[in-house]
>>> print(open('query_8.txt').read())   # compact mmCIF, C-alpha atoms
# COMPACT_ATOMS: atom_id res chain seq x y z
CA MET A 1 145.69 84.37 76.42
CA THR A 2 144.89 87.90 75.30
CA ILE A 3 144.65 88.35 71.53
CA SER A 4 147.29 90.75 70.24
CA ASN A 5 148.62 89.14 67.04
CA VAL A 6 146.13 88.52 64.24
CA VAL A 7 146.61 87.10 60.74
CA ILE A 8 143.97 87.98 58.15
CA ALA A 9 143.89 85.72 55.08
CA ILE A 10 142.22 87.29 52.03
CA ALA A 11 142.32 85.54 48.64
CA MET A 12 141.88 88.38 46.16
CA GLU A 13 143.76 91.67 45.83
CA ALA A 14 140.52 93.58 45.18
CA GLU A 15 139.09 92.24 48.44
CA ALA A 16 142.18 93.14 50.47
CA THR A 17 143.23 96.53 49.08
CA PRO A 18 140.55 98.77 50.68
CA PHE A 19 141.24 97.27 54.13
CA VAL A 20 145.04 97.44 53.74
CA ASN A 21 144.84 101.08 52.64
CA HIS A 22 142.36 102.00 55.37
CA LEU A 23 144.70 100.78 58.12
CA ASP A 24 147.86 101.95 56.29
CA LEU A 25 149.41 98.47 56.42
CA GLN A 26 152.76 98.24 54.67
CA PRO A 27 154.00 95.53 52.29
CA ASP A 28 156.58 93.14 53.72
CA ALA A 29 158.46 91.65 50.76
CA SER A 30 160.56 89.41 53.02
CA PHE A 31 157.63 87.70 54.74
CA PHE A 32 157.09 84.88 52.22
CA PRO A 33 159.75 82.88 50.34
CA SER A 34 160.66 84.73 47.13
CA GLU A 35 159.60 81.71 45.06
CA THR A 36 155.96 82.14 46.07
CA PRO A 37 153.45 84.59 44.57
CA PHE A 38 151.96 85.49 47.96
CA SER A 39 151.91 88.99 49.47
CA ALA A 40 151.95 90.21 53.07
CA PHE A 41 151.01 93.59 54.53
CA ARG A 42 151.83 94.36 58.14
CA GLY A 43 151.28 96.99 60.80
CA LYS A 44 149.55 97.75 64.08
CA HIS A 45 145.98 98.71 64.85
CA ASN A 46 145.37 99.81 68.40
CA ASN A 47 147.18 97.17 70.46
CA CYS A 48 147.16 94.47 67.80
CA ASP A 49 149.89 93.35 65.40
CA LEU A 50 148.20 92.67 62.07
CA THR A 51 149.41 90.63 59.10
CA VAL A 52 147.21 90.56 56.00
CA ILE A 53 148.14 87.84 53.51
CA THR A 54 146.87 87.48 49.96
CA ASN A 55 147.34 84.69 47.42
CA GLY A 56 148.98 86.92 44.81
CA LYS A 57 148.68 86.53 41.06
CA ASP A 58 148.98 83.47 38.84
CA ASN A 59 152.32 83.14 37.09
CA ILE A 60 152.26 79.36 36.67
CA HIS A 61 149.67 79.48 33.90
CA GLY A 62 150.56 82.99 32.78
CA THR A 63 147.06 84.43 33.28
CA GLY A 64 147.94 87.09 35.87
CA VAL A 65 144.61 86.56 37.64
CA ASP A 66 144.22 86.16 41.41
CA ASN A 67 145.27 82.77 42.79
CA VAL A 68 141.84 81.78 44.05
CA GLY A 69 140.97 78.34 45.35
CA THR A 70 142.08 75.92 48.03
CA VAL A 71 145.68 75.15 47.05
CA PRO A 72 147.20 78.67 47.17
CA ALA A 73 145.05 79.60 50.18
CA SER A 74 146.22 76.61 52.20
CA VAL A 75 149.90 77.06 51.31
CA ALA A 76 149.88 80.83 52.00
CA THR A 77 148.19 80.31 55.37
CA PHE A 78 150.55 77.53 56.39
CA LEU A 79 153.65 79.55 55.49
CA ALA A 80 152.36 82.67 57.26
CA LEU A 81 151.65 80.84 60.51
CA GLN A 82 154.96 78.98 60.26
CA LYS A 83 156.83 82.28 59.79
CA LEU A 84 155.28 83.85 62.87
CA GLN A 85 155.85 80.70 64.93
CA GLY A 86 159.50 80.68 63.86
CA ASN A 87 159.87 84.32 64.88
CA ASP A 88 158.67 83.43 68.40
CA ASP A 89 155.69 85.69 67.74
CA PRO A 90 152.93 83.17 67.03
CA ALA A 91 149.54 84.22 65.75
CA HIS A 92 146.82 84.28 68.40
CA LEU A 93 143.97 84.31 65.89
CA LEU A 94 143.45 83.81 62.15
CA ILE A 95 140.58 85.51 60.34
CA ASN A 96 139.66 84.42 56.83
CA ALA A 97 138.06 87.48 55.27
CA GLY A 98 136.50 87.74 51.84
CA THR A 99 133.47 87.59 49.63
CA CYS A 100 131.12 84.65 49.24
CA GLY A 101 127.93 83.38 47.74
CA GLY A 102 124.97 83.31 50.10
CA PHE A 103 121.94 81.03 50.31
CA ARG A 104 118.54 82.67 50.24
CA ARG A 105 117.11 79.65 52.06
CA LYS A 106 119.37 80.57 55.02
CA GLY A 107 118.34 84.23 54.99
CA ALA A 108 121.31 85.65 53.04
CA SER A 109 121.05 88.89 51.06
CA ILE A 110 123.61 90.80 48.98
CA GLY A 111 125.96 92.72 51.30
CA ASP A 112 125.23 90.65 54.42
CA VAL A 113 128.20 89.91 56.68
CA PHE A 114 128.44 86.33 57.94
CA LEU A 115 130.78 84.98 60.62
CA THR A 116 131.52 81.28 60.24
CA THR A 117 130.49 78.68 62.78
CA ALA A 118 132.20 75.89 60.80
CA VAL A 119 133.63 75.13 57.36
CA ALA A 120 133.33 72.06 55.12
CA ASN A 121 133.98 70.96 51.54
CA HIS A 122 131.25 70.21 49.04
CA ASP A 123 133.37 68.99 46.10
CA ARG A 124 135.65 66.41 47.78
CA ARG A 125 133.50 63.36 47.13
CA ILE A 126 135.33 60.16 48.17
CA ALA A 127 132.86 57.28 48.36
CA ILE A 128 135.10 55.02 50.46
CA PRO A 129 134.41 54.30 54.14
CA ASP A 130 136.41 56.61 56.44
CA PHE A 131 137.47 58.74 53.47
CA THR A 132 133.97 60.23 53.17
CA PRO A 133 134.17 62.37 56.35
CA TYR A 134 137.77 63.26 55.47
CA GLY A 135 136.55 64.54 52.10
CA VAL A 136 133.85 66.67 53.72
CA GLY A 137 136.51 67.87 56.12
CA ARG A 138 134.23 69.75 58.49
CA ILE A 139 136.17 71.97 60.92
CA GLU A 140 134.51 74.00 63.65
CA SER A 141 135.32 77.71 63.83
CA THR A 142 136.20 79.35 67.11
CA SER A 143 133.02 80.59 68.78
CA VAL A 144 132.20 84.22 67.94
CA GLU A 145 128.61 84.52 69.14
CA ASN A 146 129.37 87.59 71.25
CA LEU A 147 131.07 89.27 68.29
CA ALA A 148 128.11 88.50 66.01
CA GLY A 149 125.69 89.91 68.57
CA ALA A 150 127.74 93.06 69.18
CA LEU A 151 128.05 93.91 65.47
CA ASP A 152 124.70 92.47 64.34
CA TYR A 153 126.33 90.04 61.89
CA LYS A 154 124.88 86.68 60.87
CA LEU A 155 126.30 83.26 61.77
CA GLY A 156 126.52 80.17 59.60
CA VAL A 157 128.52 77.37 58.01
CA CYS A 158 130.75 78.19 55.02
CA THR A 159 131.01 75.45 52.39
CA THR A 160 134.08 75.44 50.13
CA GLY A 161 134.69 74.25 46.57
CA ASN A 162 137.11 75.01 43.76
CA SER A 163 134.48 76.12 41.25
CA LEU A 164 132.56 79.39 41.19
CA ASP A 165 129.51 77.65 39.75
CA PHE A 166 128.04 74.38 40.98
CA HIS A 167 126.10 71.39 39.72
CA GLU A 168 123.46 69.11 41.18
CA LEU A 169 125.88 66.96 43.23
CA ASP A 170 127.50 70.08 44.70
CA SER A 171 124.07 71.41 45.59
CA HIS A 172 123.25 68.17 47.42
CA HIS A 173 126.44 68.32 49.47
CA MET A 174 126.08 72.03 50.22
CA LEU A 175 122.65 71.25 51.64
CA GLN A 176 124.12 68.39 53.69
CA ASN A 177 126.76 70.80 55.01
CA ASP A 178 123.91 73.09 56.19
CA ALA A 179 125.70 75.92 54.39
CA SER A 180 124.69 79.55 54.79
CA VAL A 181 127.50 80.78 52.52
CA LYS A 182 129.80 79.32 49.85
CA ASP A 183 133.37 80.23 48.95
CA MET A 184 136.56 78.80 47.38
CA GLU A 185 139.07 78.94 50.27
CA ALA A 186 137.66 78.78 53.81
CA ALA A 187 137.98 75.03 54.46
CA ALA A 188 141.58 74.99 53.20
CA ILE A 189 142.57 77.98 55.34
CA ALA A 190 140.99 76.37 58.40
CA TRP A 191 142.91 73.14 57.73
CA SER A 192 146.24 75.00 57.79
CA ALA A 193 145.25 76.91 60.92
CA GLU A 194 144.41 73.62 62.63
CA ILE A 195 147.92 72.31 61.90
CA TRP A 196 149.37 75.22 63.88
CA ASN A 197 146.64 75.11 66.57
CA VAL A 198 145.63 78.68 65.80
CA PRO A 199 141.97 79.55 66.52
CA HIS A 200 140.19 80.78 63.40
CA PHE A 201 136.92 82.03 61.94
CA GLY A 202 135.69 83.63 58.74
CA VAL A 203 134.24 87.05 57.95
CA LYS A 204 132.33 86.70 54.69
CA VAL A 205 130.44 89.36 52.71
CA VAL A 206 127.77 88.11 50.30
CA THR A 207 128.29 89.07 46.64
CA ASP A 208 125.82 86.68 44.99
CA ILE A 209 122.87 84.48 45.84
CA VAL A 210 123.73 80.84 45.14
CA ASP A 211 120.12 79.67 45.05
CA GLY A 212 118.90 82.78 43.20
CA GLU A 213 117.97 83.45 39.58
CA LYS A 214 121.14 85.21 38.34
CA PRO A 215 124.26 83.28 37.23
CA SER A 216 126.80 83.42 40.09
CA HIS A 217 129.66 84.79 37.96
CA GLU A 218 127.59 87.72 36.68
CA GLU A 219 126.29 88.68 40.12
CA PHE A 220 129.75 88.23 41.67
CA MET A 221 131.42 90.63 39.23
CA GLU A 222 128.59 93.16 39.60
CA ASN A 223 128.91 93.25 43.38
CA LEU A 224 132.65 92.62 44.00
CA GLY A 225 133.56 96.30 44.37
CA THR A 226 130.69 97.03 46.72
CA ALA A 227 131.42 93.92 48.76
CA ALA A 228 135.11 94.86 49.06
CA GLN A 229 134.10 98.23 50.50
CA SER A 230 131.69 96.48 52.86
CA LEU A 231 134.52 94.19 53.95
CA GLN A 232 136.74 97.24 54.56
CA SER A 233 134.00 98.63 56.80
CA ALA A 234 133.40 95.34 58.65
CA LEU A 235 136.97 94.22 59.28
CA PRO A 236 138.17 97.16 61.42
CA LYS A 237 135.10 96.68 63.63
CA VAL A 238 135.95 93.00 63.97
CA ILE A 239 139.59 93.79 64.79
CA ASP A 240 138.56 96.43 67.33
CA TYR A 241 136.33 93.86 69.02
CA VAL A 242 138.73 90.89 69.13
CA CYS A 243 141.93 92.69 70.11
CA ASP A 244 142.79 92.61 73.83
CA LYS A 245 140.10 90.00 74.44
CA LYS A 246 140.48 86.36 75.43
CA HIS A 247 139.17 83.71 73.05
CA ASP A 248 136.34 82.71 75.36
CA GLU A 249 135.09 86.32 75.28
CA LEU A 250 134.49 86.24 71.52
>>> encode(input="query_8.txt", output="structure tokens")
Amino acid sequence: MTISNVVIAIAMEAEATPFVNHLDLQPDASFFPSETPFSAFRGKHNNCDLTVITNGKDNIHGTGVDNVGTVPASVATFLALQKLQGNDDPAHLLINAGTCGGFRRKGASIGDVFLTTAVANHDRRIAIPDFTPYGVGRIESTSVENLAGALDYKLGVCTTGNSLDFHELDSHHMLQNDASVKDMEAAAIAWSAEIWNVPHFGVKVVTDIVDGEKPSHEEFMENLGTAAQSLQSALPKVIDYVCDKKHDEL
């Protein structure tokens, strides 16, 4: 199958806006059920139909901040893929794009672009036989070694948790996951993509160094704007590469 319909899941508005504007994608208010906070932006780029989805803003708790984390990401992804399947125009590929923390021990630096080889959870600790691997929830990404080589991007596992910071137990499990980068959505997005049998991978730009000296939240806020621009630069190159190719060519 030739890739011509791509969904791009991006958690935060600030991460998505430069890319949406760059490709002149238009909001589609009818894409998600009106009860949800999610947003969709749609259009074409070369021969590809593109749908960018974001998690929207929090109105449950009244904070108005971005709906980060696994729950909104999983629900938004599931609904988006369901919508396209129901329209007899199923997604051929899902890309989870966004910022992340990077591990110095795996060669990550601020601004690096990583493509995921797999995703896993580091904060779903269920010490019951059979539930332990479910909690880790490792899911392999579709192979993108050719893409990484063509664009000179790095490859690695993305580990997911619902906290921006981490403690000693998280650190242990992130090491067990062989993580190169850390985020708050990738494993949940991959889980929803697996339900719909849609191949998927992540494009992650490093905003902070997890095993560095600076607190993650400070470094993240300092570098979010720069990373969003870097993502806007990286994503069109990724889309140009994947469109009109078969999955085994990625």
>>> atom_distance(input="query_8.txt", atom1="CA of Lys204 in chain A", atom2="CA of Gly156 in chain A")
10.0 Å
>>> residues_around(input="query_8.txt", residues="Val144 in chain A", least_positions_apart="4", cutoff="12 Å", atoms="only C-alpha atoms", output="PyMOL selection string")
chain A and resi 93+95+114-118+140+148-156+199-203+238+241-242+245-250
>>> closest_residue(input="query_8.txt", among="A:Arg105, A:His122, A:His92, A:His45", to="Ser171 in chain A", atoms="all atoms listed in the file")
A:His122
>>> residues_around(input="query_8.txt", residues="Leu84 in chain A", least_positions_apart="4", cutoff="10 Å", atoms="only C-alpha atoms", output="PyMOL selection string")
chain A and resi 5+7+31+51+79-80+88-91
>>> closest_residue(input="query_8.txt", among="A:Gln82, A:Asn177, A:Ser74, A:Ser109", to="Asn121 in chain A", atoms="only C-alpha atoms")
A:Asn177
>>> closest_residue(input="query_8.txt", among="A:Val210, A:Met184, A:Cys158, A:Met221", to="Ala11 in chain A", atoms="all atoms listed in the file")
A:Met184
>>> atom_distance(input="query_8.txt", atom1="CA of Asp165 in chain A", atom2="CA of Ala193 in chain A")
26.4 Å
>>> closest_atom_pairs(input="query_8.txt", of="range 101-164 of chain A", to="range 226-231 of chain A", cutoff="9 Å", atoms="all atoms listed in the file", output="JSON lines")
{"residue": "A:Ile110", "atom": "CA", "partner": "A:Ala227", "partner_atom": "CA", "distance": 8.4}
{"residue": "A:Gly111", "atom": "CA", "partner": "A:Ala227", "partner_atom": "CA", "distance": 6.1}
{"residue": "A:Asp112", "atom": "CA", "partner": "A:Ser230", "partner_atom": "CA", "distance": 8.8}
{"residue": "A:Val113", "atom": "CA", "partner": "A:Leu231", "partner_atom": "CA", "distance": 8.1}
>>> closest_residue(input="query_8.txt", among="A:Leu235, A:Ala127, A:Cys48, A:Ala188", to="His22 in chain A", atoms="all atoms listed in the file")
A:Leu235
>>> build_atoms(input="query_8.txt", residues="range 84-95 of chain A", atoms="N, CA and C atoms", output="PDB file, keeping the file's coordinate frame")
ATOM      1  N   LEU A  84     155.483  83.185  61.581  1.00  0.00           N
ATOM      2  CA  LEU A  84     155.280  83.850  62.870  1.00  0.00           C
ATOM      3  C   LEU A  84     155.702  82.944  64.026  1.00  0.00           C
ATOM      4  N   GLN A  85     155.427  81.653  63.896  1.00  0.00           N
ATOM      5  CA  GLN A  85     155.850  80.700  64.930  1.00  0.00           C
ATOM      6  C   GLN A  85     157.379  80.681  65.029  1.00  0.00           C
ATOM      7  N   GLY A  86     158.039  80.703  63.877  1.00  0.00           N
ATOM      8  CA  GLY A  86     159.500  80.680  63.860  1.00  0.00           C
ATOM      9  C   GLY A  86     160.130  81.944  64.402  1.00  0.00           C
ATOM     10  N   ASN A  87     159.386  83.046  64.341  1.00  0.00           N
ATOM     11  CA  ASN A  87     159.870  84.320  64.880  1.00  0.00           C
ATOM     12  C   ASN A  87     159.565  84.478  66.368  1.00  0.00           C
ATOM     13  N   ASP A  88     159.087  83.397  66.989  1.00  0.00           N
ATOM     14  CA  ASP A  88     158.670  83.430  68.400  1.00  0.00           C
ATOM     15  C   ASP A  88     157.617  84.497  68.654  1.00  0.00           C
ATOM     16  N   ASP A  89     156.788  84.729  67.629  1.00  0.00           N
ATOM     17  CA  ASP A  89     155.690  85.690  67.740  1.00  0.00           C
ATOM     18  C   ASP A  89     154.444  85.058  67.136  1.00  0.00           C
ATOM     19  N   PRO A  90     153.996  83.934  67.687  1.00  0.00           N
ATOM     20  CA  PRO A  90     152.930  83.170  67.030  1.00  0.00           C
ATOM     21  C   PRO A  90     151.613  83.930  66.955  1.00  0.00           C
ATOM     22  N   ALA A  91     150.864  83.618  65.908  1.00  0.00           N
ATOM     23  CA  ALA A  91     149.540  84.220  65.750  1.00  0.00           C
ATOM     24  C   ALA A  91     148.612  83.730  66.849  1.00  0.00           C
ATOM     25  N   HIS A  92     147.817  84.630  67.387  1.00  0.00           N
ATOM     26  CA  HIS A  92     146.820  84.280  68.400  1.00  0.00           C
ATOM     27  C   HIS A  92     145.467  83.966  67.766  1.00  0.00           C
ATOM     28  N   LEU A  93     145.265  84.463  66.544  1.00  0.00           N
ATOM     29  CA  LEU A  93     143.970  84.310  65.890  1.00  0.00           C
ATOM     30  C   LEU A  93     144.170  84.470  64.391  1.00  0.00           C
ATOM     31  N   LEU A  94     143.458  83.653  63.607  1.00  0.00           N
ATOM     32  CA  LEU A  94     143.450  83.810  62.150  1.00  0.00           C
ATOM     33  C   LEU A  94     142.024  84.097  61.701  1.00  0.00           C
ATOM     34  N   ILE A  95     141.880  85.152  60.911  1.00  0.00           N
ATOM     35  CA  ILE A  95     140.580  85.510  60.340  1.00  0.00           C
ATOM     36  C   ILE A  95     140.663  85.352  58.831  1.00  0.00           C
TER      37      ILE A  95
END
